[in-house]
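Everything below belongs to input23.pdb, which stores PDB, C-alpha atoms.
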```
MODEL        1
ATOM      1  CA  MET A1435       8.868   2.152   6.241
ATOM      2  CA  LYS A1436      10.253  -1.053   7.749
ATOM      3  CA  ILE A1437       8.699  -4.040   5.952
ATOM      4  CA  VAL A1438       9.264  -7.762   6.380
ATOM      5  CA  VAL A1439       8.398 -10.026   3.451
ATOM      6  CA  PHE A1440       7.608 -13.677   4.103
ATOM      7  CA  GLY A1441       8.018 -15.777   0.981
ATOM      8  CA  ALA A1442      10.832 -13.552  -0.241
ATOM      9  CA  THR A1443      12.372 -16.303  -2.386
ATOM     10  CA  GLY A1444       9.248 -16.616  -4.539
ATOM     11  CA  ARG A1445       8.830 -14.781  -7.818
ATOM     12  CA  VAL A1446       6.398 -12.271  -6.292
ATOM     13  CA  GLY A1447       8.455 -11.996  -3.120
ATOM     14  CA  ARG A1448      11.622 -11.119  -5.008
ATOM     15  CA  LYS A1449       9.827  -8.337  -6.864
ATOM     16  CA  LEU A1450       8.435  -7.024  -3.593
ATOM     17  CA  VAL A1451      11.898  -6.922  -2.076
ATOM     18  CA  SER A1452      13.594  -5.215  -5.029
ATOM     19  CA  GLY A1453      10.649  -2.870  -5.598
ATOM     20  CA  GLY A1454      10.444  -1.906  -1.950
ATOM     21  CA  ILE A1455      14.135  -1.071  -1.815
ATOM     22  CA  ALA A1456      13.789   1.024  -4.977
ATOM     23  CA  ARG A1457      10.970   2.981  -3.291
ATOM     24  CA  GLY A1458      13.179   3.752  -0.303
ATOM     25  CA  HIS A1459      11.758   1.297   2.222
ATOM     26  CA  GLU A1460      13.809  -0.752   4.679
ATOM     27  CA  LEU A1461      13.155  -4.345   3.632
ATOM     28  CA  THR A1462      13.724  -7.555   5.536
ATOM     29  CA  ALA A1463      13.541 -10.771   3.539
ATOM     30  CA  ALA A1464      12.334 -13.709   5.640
ATOM     31  CA  ALA A1465      13.047 -17.045   3.999
ATOM     32  CA  ARG A1466      13.712 -20.657   4.868
ATOM     33  CA  HIS A1467      16.724 -20.587   2.537
ATOM     34  CA  PRO A1468      18.353 -17.140   2.759
ATOM     35  CA  GLU A1469      21.019 -18.109   0.239
ATOM     36  CA  ASP A1470      18.308 -18.224  -2.444
ATOM     37  CA  VAL A1471      17.491 -14.559  -1.754
ATOM     38  CA  ARG A1472      21.131 -13.497  -1.789
ATOM     39  CA  ALA A1473      21.606 -15.187  -5.151
ATOM     40  CA  ARG A1474      18.765 -13.191  -6.750
ATOM     41  CA  VAL A1475      18.292  -9.860  -4.954
ATOM     42  CA  ARG A1476      20.643  -7.389  -3.314
ATOM     43  CA  ILE A1477      19.241  -6.751   0.144
ATOM     44  CA  PRO A1478      21.088  -5.830   3.357
ATOM     45  CA  ARG A1479      18.809  -7.693   5.777
ATOM     46  CA  ILE A1480      17.887 -11.357   5.339
ATOM     47  CA  VAL A1481      16.682 -13.584   8.166
ATOM     48  CA  THR A1482      16.227 -17.334   8.266
ATOM     49  CA  CYS A1483      12.572 -17.959   8.922
ATOM     50  CA  ASP A1484      10.142 -20.818   8.497
ATOM     51  CA  LEU A1485       6.521 -19.638   8.750
ATOM     52  CA  LEU A1486       5.752 -22.738  10.794
ATOM     53  CA  ASP A1487       8.330 -21.759  13.425
ATOM     54  CA  ALA A1488       6.582 -19.313  15.767
ATOM     55  CA  ALA A1489       9.820 -18.141  17.392
ATOM     56  CA  GLN A1490      11.468 -17.348  14.058
ATOM     57  CA  VAL A1491       8.346 -15.505  12.865
ATOM     58  CA  ASP A1492       8.233 -13.518  16.107
ATOM     59  CA  ALA A1493      11.850 -12.437  15.688
ATOM     60  CA  ALA A1494      11.287 -11.419  12.063
ATOM     61  CA  VAL A1495       8.209  -9.300  12.880
ATOM     62  CA  ALA A1496       9.709  -7.481  15.866
ATOM     63  CA  GLY A1497      10.522  -3.855  15.028
ATOM     64  CA  GLN A1498       8.704  -3.781  11.685
ATOM     65  CA  ASP A1499       6.093  -1.276  10.518
ATOM     66  CA  ALA A1500       4.322  -3.668   8.141
ATOM     67  CA  VAL A1501       4.223  -7.334   7.168
ATOM     68  CA  ILE A1502       3.712  -8.907   3.750
ATOM     69  CA  VAL A1503       2.955 -12.612   3.357
ATOM     70  CA  ALA A1504       3.680 -13.539  -0.254
ATOM     71  CA  VAL A1505       3.474 -17.321  -0.022
ATOM     72  CA  ARG A1506       1.564 -18.367  -3.131
ATOM     73  CA  ALA A1507      -0.883 -21.262  -3.082
ATOM     74  CA  ARG A1508       0.388 -24.261  -5.050
ATOM     75  CA  PHE A1509      -1.404 -27.131  -6.739
ATOM     76  CA  SER A1510      -0.676 -30.037  -4.415
ATOM     77  CA  LEU A1511      -2.444 -33.143  -3.228
ATOM     78  CA  ALA A1512      -0.175 -33.380  -0.193
ATOM     79  CA  PRO A1513      -1.524 -32.136   3.138
ATOM     80  CA  GLY A1514       0.072 -29.033   4.611
ATOM     81  CA  ASN A1515      -0.575 -26.123   6.937
ATOM     82  CA  VAL A1516       1.882 -23.437   5.875
ATOM     83  CA  HIS A1517      -0.917 -20.979   5.071
ATOM     84  CA  SER A1518      -3.132 -21.498   8.115
ATOM     85  CA  GLN A1519      -0.448 -22.019  10.746
ATOM     86  CA  GLY A1520       1.818 -19.462   9.109
ATOM     87  CA  ALA A1521      -0.940 -16.851   9.299
ATOM     88  CA  ALA A1522      -1.591 -17.728  12.937
ATOM     89  CA  ASN A1523       2.105 -17.264  13.758
ATOM     90  CA  VAL A1524       2.294 -13.959  11.880
ATOM     91  CA  VAL A1525      -0.855 -12.568  13.494
ATOM     92  CA  ALA A1526       0.308 -13.577  16.973
ATOM     93  CA  ALA A1527       3.698 -11.947  16.447
ATOM     94  CA  MET A1528       2.138  -8.748  15.086
ATOM     95  CA  GLN A1529      -0.264  -8.494  18.013
ATOM     96  CA  LYS A1530       2.569  -9.081  20.461
ATOM     97  CA  HIS A1531       4.822  -6.406  18.952
ATOM     98  CA  GLY A1532       2.140  -3.871  18.072
ATOM     99  CA  VAL A1533       2.647  -4.109  14.305
ATOM    100  CA  ARG A1534      -0.648  -3.218  12.609
ATOM    101  CA  ARG A1535      -0.356  -3.375   8.813
ATOM    102  CA  LEU A1536      -0.646  -6.782   7.115
ATOM    103  CA  LEU A1537      -0.929  -7.674   3.420
ATOM    104  CA  CYS A1538      -1.454 -11.300   2.362
ATOM    105  CA  ILE A1539      -1.702 -12.892  -1.067
ATOM    106  CA  SER A1540      -4.568 -15.325  -1.480
ATOM    107  CA  ALA A1541      -6.260 -16.918  -4.481
ATOM    108  CA  ALA A1542      -9.213 -15.772  -6.543
ATOM    109  CA  GLY A1543     -12.524 -17.302  -5.512
ATOM    110  CA  VAL A1544     -11.584 -18.585  -2.063
ATOM    111  CA  GLN A1545     -15.077 -19.216  -0.734
ATOM    112  CA  ASP A1546     -17.278 -22.183   0.081
ATOM    113  CA  ASP A1547     -19.829 -21.764  -2.681
ATOM    114  CA  HIS A1548     -19.622 -21.352  -6.458
ATOM    115  CA  ASP A1549     -17.938 -18.183  -7.713
ATOM    116  CA  PRO A1550     -19.737 -16.921 -10.839
ATOM    117  CA  ASN A1551     -16.673 -14.950 -11.911
ATOM    118  CA  LEU A1552     -14.582 -18.090 -12.398
ATOM    119  CA  PRO A1553     -14.946 -20.653 -15.211
ATOM    120  CA  PRO A1554     -17.132 -23.704 -14.440
ATOM    121  CA  PHE A1555     -14.089 -25.916 -15.151
ATOM    122  CA  PHE A1556     -12.357 -24.345 -12.160
ATOM    123  CA  THR A1557     -15.220 -25.010  -9.753
ATOM    124  CA  ARG A1558     -16.116 -28.464 -11.062
ATOM    125  CA  VAL A1559     -12.672 -29.904 -11.807
ATOM    126  CA  MET A1560      -9.697 -27.951 -10.506
ATOM    127  CA  ARG A1561     -10.983 -27.069  -7.052
ATOM    128  CA  PRO A1562     -12.237 -30.541  -6.052
ATOM    129  CA  LEU A1563      -9.289 -32.370  -7.619
ATOM    130  CA  LEU A1564      -6.114 -30.272  -7.700
ATOM    131  CA  LEU A1565      -6.965 -27.755  -4.974
ATOM    132  CA  ARG A1566      -8.841 -29.856  -2.446
ATOM    133  CA  ARG A1567      -5.938 -29.692   0.015
ATOM    134  CA  VAL A1568      -4.963 -26.048  -0.299
ATOM    135  CA  TRP A1569      -8.464 -24.552  -0.573
ATOM    136  CA  PRO A1570      -9.470 -25.255   3.075
ATOM    137  CA  GLU A1571      -6.005 -24.036   4.068
ATOM    138  CA  LEU A1572      -6.560 -20.701   2.346
ATOM    139  CA  ARG A1573      -9.990 -20.297   3.908
ATOM    140  CA  GLN A1574      -8.472 -20.884   7.351
ATOM    141  CA  MET A1575      -5.728 -18.396   6.588
ATOM    142  CA  GLU A1576      -8.254 -15.770   5.533
ATOM    143  CA  SER A1577     -10.402 -16.353   8.627
ATOM    144  CA  CYS A1578      -7.343 -15.892  10.822
ATOM    145  CA  VAL A1579      -6.390 -12.655   9.084
ATOM    146  CA  THR A1580      -9.871 -11.104   8.994
ATOM    147  CA  GLY A1581     -10.498 -11.988  12.638
ATOM    148  CA  SER A1582      -7.201 -10.512  13.818
ATOM    149  CA  ARG A1583      -8.358  -6.882  14.252
ATOM    150  CA  LEU A1584      -5.210  -5.815  12.435
ATOM    151  CA  ASP A1585      -5.137  -3.416   9.473
ATOM    152  CA  TRP A1586      -5.239  -6.238   6.946
ATOM    153  CA  THR A1587      -5.690  -6.485   3.190
ATOM    154  CA  LEU A1588      -6.195  -9.795   1.369
ATOM    155  CA  ILE A1589      -5.114  -9.738  -2.275
ATOM    156  CA  HIS A1590      -6.907 -12.290  -4.478
ATOM    157  CA  VAL A1591      -5.214 -13.298  -7.720
ATOM    158  CA  ALA A1592      -5.790 -15.982 -10.327
ATOM    159  CA  HIS A1593      -3.240 -17.033 -12.973
ATOM    160  CA  LEU A1594       0.136 -15.328 -12.511
ATOM    161  CA  THR A1595       2.387 -14.375 -15.419
ATOM    162  CA  ASP A1596       5.986 -13.226 -15.673
ATOM    163  CA  GLY A1597       5.088 -10.173 -17.742
ATOM    164  CA  PRO A1598       6.341  -6.675 -16.921
ATOM    165  CA  ALA A1599       4.721  -4.191 -14.581
ATOM    166  CA  THR A1600       2.145  -2.236 -16.569
ATOM    167  CA  GLY A1601       0.202  -0.385 -13.891
ATOM    168  CA  GLN A1602      -2.882  -1.068 -16.037
ATOM    169  CA  TYR A1603      -4.538  -3.632 -13.803
ATOM    170  CA  ARG A1604      -7.978  -3.533 -12.224
ATOM    171  CA  ALA A1605      -8.526  -3.592  -8.459
ATOM    172  CA  GLU A1606     -12.044  -4.428  -7.310
ATOM    173  CA  GLU A1607     -13.425  -5.277  -3.891
ATOM    174  CA  GLY A1608     -14.147  -8.967  -3.446
ATOM    175  CA  LYS A1609     -12.522 -12.330  -3.975
ATOM    176  CA  SER A1610     -12.637 -12.282  -7.786
ATOM    177  CA  MET A1611     -13.863 -10.173 -10.697
ATOM    178  CA  PRO A1612     -15.589 -10.827 -14.034
ATOM    179  CA  GLY A1613     -12.996 -11.793 -16.633
ATOM    180  CA  GLY A1614     -10.184 -11.340 -14.129
ATOM    181  CA  LEU A1615      -8.138 -14.426 -14.847
ATOM    182  CA  ARG A1616      -4.540 -13.229 -14.997
ATOM    183  CA  ILE A1617      -2.070 -10.637 -13.759
ATOM    184  CA  SER A1618       1.713 -10.368 -13.760
ATOM    185  CA  ARG A1619       3.744 -10.893 -10.634
ATOM    186  CA  ALA A1620       5.352  -7.501 -11.234
ATOM    187  CA  ASP A1621       1.958  -5.772 -11.131
ATOM    188  CA  ILE A1622       0.987  -7.614  -7.948
ATOM    189  CA  ALA A1623       4.140  -6.309  -6.286
ATOM    190  CA  ASP A1624       3.444  -2.822  -7.660
ATOM    191  CA  PHE A1625      -0.062  -2.825  -6.159
ATOM    192  CA  MET A1626       1.057  -4.153  -2.778
ATOM    193  CA  LEU A1627       3.838  -1.621  -2.325
ATOM    194  CA  LYS A1628       1.549   1.247  -3.312
ATOM    195  CA  GLU A1629      -1.134  -0.071  -0.959
ATOM    196  CA  LEU A1630       1.306  -0.049   1.950
ATOM    197  CA  GLU A1631       1.917   3.632   1.288
ATOM    198  CA  ARG A1632      -1.701   4.655   0.665
ATOM    199  CA  GLY A1633      -3.791   2.299   2.801
ATOM    200  CA  GLU A1634      -6.848   2.468   0.545
ATOM    201  CA  TRP A1635      -7.810  -1.196   1.016
ATOM    202  CA  SER A1636      -7.336  -1.634   4.747
ATOM    203  CA  GLY A1637      -9.811  -4.143   6.174
ATOM    204  CA  ARG A1638     -10.988  -5.312   2.740
ATOM    205  CA  ASP A1639     -10.603  -8.095   0.192
ATOM    206  CA  VAL A1640      -9.339  -6.914  -3.182
ATOM    207  CA  ALA A1641      -9.204  -8.833  -6.458
ATOM    208  CA  LEU A1642      -6.451  -7.920  -8.946
ATOM    209  CA  ALA A1643      -6.490  -8.684 -12.674
ATOM    210  CA  TYR A1644      -6.252  -7.113 -16.119
TER
ENDMDL
END
```

Rendering of file as structure tokens:
Amino acid sequence: MKIVVFGATGRVGRKLVSGGIARGHELTAAARHPEDVRARVRIPRIVTCDLLDAAQVDAAVAGQDAVIVAVRARFSLAPGNVHSQGAANVVAAMQKHGVRRLLCISAAGVQDDHDPNLPPFFTRVMRPLLLRRVWPELRQMESCVTGSRLDWTLIHVAHLTDGPATGQYRAEEGKSMPGGLRISRADIADFMLKELERGEWSGRDVALAY
């Protein structure tokens, strides 16, 4: 399968690239700084691509069988639109080139109201203070993806660790799960690559955690 990974320089993105190659897929790493990918992962195809540049996104998506957007939400008080505009550019390119399968990483609990599966501290303190810029961005990104009529899957994760791949994670439909507060980046990549091959979560939100 031909797969392009946006956010390939990130810690999840690098695991997706190396894991996909190990599984026999033809990977393209799309990154603003290709030299960062070359320094960390052996991959034959790397393209310079900023998610906010529609022409670069279009070129990266052309000829692919599937698209992964692995740009993780960051705590930031600065305004930005990489998630919302990036998703719009990806969706437009996929529709133009007839590429159907899309997997995107989002955050646990991305919704307007209180999420009972997340600690009260998160809802009362972190979201209004540290996440007040990125939270609306993620909601816009999700609305763009779910309204695209593509074969999409949104992967919702909370705290990420650098632990090894265990394969012992839970996957439940929804934006979060009871007690689901952490998962390793390696297990996220494991789930996403398997999901591309099996397609069990097409058109659904899935929460991942231990």

Rounded to one decimal place, report the atom CA of A:Ser1518-atom CA of A:Pro1478 distance in Å.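 About the pair atom CA of A:Ser1518 and atom CA of A:Pro1478: they are 29.2 Å apart.
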
Give me, as an MDAnalysis selection string, all polymer residues having an atom no more than 8 Å from A:Leu1615, counting all atoms listed in the file and skipping those fewer than 4 positions away in the same chain. chainID A and resid 1552 1591:1593 1643:1644

Fewer than 4 positions away in the same chain doesn't count, so skip those; otherwise give me all residues within 9 Å of A:Ile1477, counting all atoms listed in the file, as a compact mmCIF listing (two decimals) with C-alpha atoms, in the coordinates of the input.
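Written out: around_8.txt:
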```
# COMPACT_ATOMS: atom_id res chain seq x y z
CA VAL A 1451 11.90 -6.92 -2.08
CA SER A 1452 13.59 -5.22 -5.03
CA ILE A 1455 14.14 -1.07 -1.82
CA LEU A 1461 13.16 -4.34 3.63
CA THR A 1462 13.72 -7.56 5.54
CA ALA A 1463 13.54 -10.77 3.54
CA VAL A 1471 17.49 -14.56 -1.75
CA ARG A 1472 21.13 -13.50 -1.79
```

Counting all atoms listed in the file, figure out which residue out of A:Gln1574, A:Asn1515, A:Thr1443, A:Ser1540 gets nearest to A:Val1481.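 Of all the options, A:Thr1443 lies closest to A:Val1481.
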
I'd like the contact shell of A:Val1503 - 7 Å cut-off, all atoms listed in the file, skipping same-chain residues fewer than 5 positions apart - returned as a ChimeraX atom specification. /A:1439-1441,1537-1539

Spatial neighbours of A:Val1525, max dist 12 Å, only C-alpha atoms, sep filter under 4 positions, as number ranges by chain: A: 1485, 1488, 1491-1492, 1495-1496, 1500-1503, 1517-1521, 1529-1538, 1575-1586

Of the candidates A:His1459, A:His1590, A:Arg1567, A:Arg1506, which one gets nearest to A:Arg1616 if we count all atoms listed in the file? A:His1590

Point-to-point distance from atom CA of A:Ala1456 to atom CA of A:Ala1542, Å rounded to tenths: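 Interatomic distance here is 28.5 Å.
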
If I take atom CA of A:Gly1601 and atom CA of A:Gly1458, how far is one from the other in Å, to one decimal?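 Computed distance, atom CA of A:Gly1601 to atom CA of A:Gly1458, equals 19.2 Å.
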
Would you mind telling me which residue in A:Gly1543, A:Pro1598, A:Gly1444, A:Pro1570 lies nearest to A:Val1640 when using all atoms listed in the file? A:Gly1543

For A:Glu1607, which of A:Ala1504, A:Ala1442, A:Val1516, A:Ala1641 is the closest residue, counting only C-alpha atoms?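 The answer is A:Ala1641, which sits nearest to A:Glu1607.
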
Among the residues A:Met1528, A:Val1544, A:His1467, A:Thr1587, the one that comes closest to A:Gly1633 [using all atoms listed in the file]: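 Looking at the shortest contact to A:Gly1633, the residue is A:Thr1587.
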
Any chance you could model N, CA and C atoms for stretch 1449-1464 of chain A and send them as a compact mmCIF listing (two decimals), keeping the file's coordinate frame?
```
# COMPACT_ATOMS: atom_id res chain seq x y z
N LYS A 1449 10.20 -9.63 -6.30
CA LYS A 1449 9.83 -8.34 -6.86
C LYS A 1449 9.40 -7.35 -5.77
N LEU A 1450 8.78 -7.88 -4.72
CA LEU A 1450 8.44 -7.02 -3.59
C LEU A 1450 9.68 -6.47 -2.91
N VAL A 1451 10.66 -7.34 -2.73
CA VAL A 1451 11.90 -6.92 -2.08
C VAL A 1451 12.63 -5.87 -2.91
N SER A 1452 12.86 -6.17 -4.18
CA SER A 1452 13.59 -5.22 -5.03
C SER A 1452 12.80 -3.93 -5.23
N GLY A 1453 11.47 -4.05 -5.41
CA GLY A 1453 10.65 -2.87 -5.60
C GLY A 1453 10.57 -2.02 -4.35
N GLY A 1454 10.49 -2.65 -3.20
CA GLY A 1454 10.44 -1.91 -1.95
C GLY A 1454 11.72 -1.14 -1.68
N ILE A 1455 12.85 -1.76 -1.98
CA ILE A 1455 14.14 -1.07 -1.82
C ILE A 1455 14.22 0.12 -2.76
N ALA A 1456 13.76 -0.06 -4.00
CA ALA A 1456 13.79 1.02 -4.98
C ALA A 1456 12.91 2.20 -4.54
N ARG A 1457 11.87 1.93 -3.76
CA ARG A 1457 10.97 2.98 -3.29
C ARG A 1457 11.45 3.59 -1.98
N GLY A 1458 12.59 3.14 -1.49
CA GLY A 1458 13.18 3.75 -0.30
C GLY A 1458 12.79 3.13 1.02
N HIS A 1459 12.15 1.96 0.98
CA HIS A 1459 11.76 1.30 2.22
C HIS A 1459 12.91 0.45 2.76
N GLU A 1460 12.82 0.12 4.03
CA GLU A 1460 13.81 -0.75 4.68
C GLU A 1460 13.24 -2.16 4.71
N LEU A 1461 13.72 -3.01 3.82
CA LEU A 1461 13.16 -4.34 3.63
C LEU A 1461 13.92 -5.40 4.41
N THR A 1462 13.17 -6.34 4.97
CA THR A 1462 13.72 -7.56 5.54
C THR A 1462 13.14 -8.73 4.78
N ALA A 1463 13.99 -9.57 4.23
CA ALA A 1463 13.54 -10.77 3.54
C ALA A 1463 13.58 -11.93 4.52
N ALA A 1464 12.42 -12.55 4.75
CA ALA A 1464 12.33 -13.71 5.64
C ALA A 1464 12.15 -14.95 4.78
```
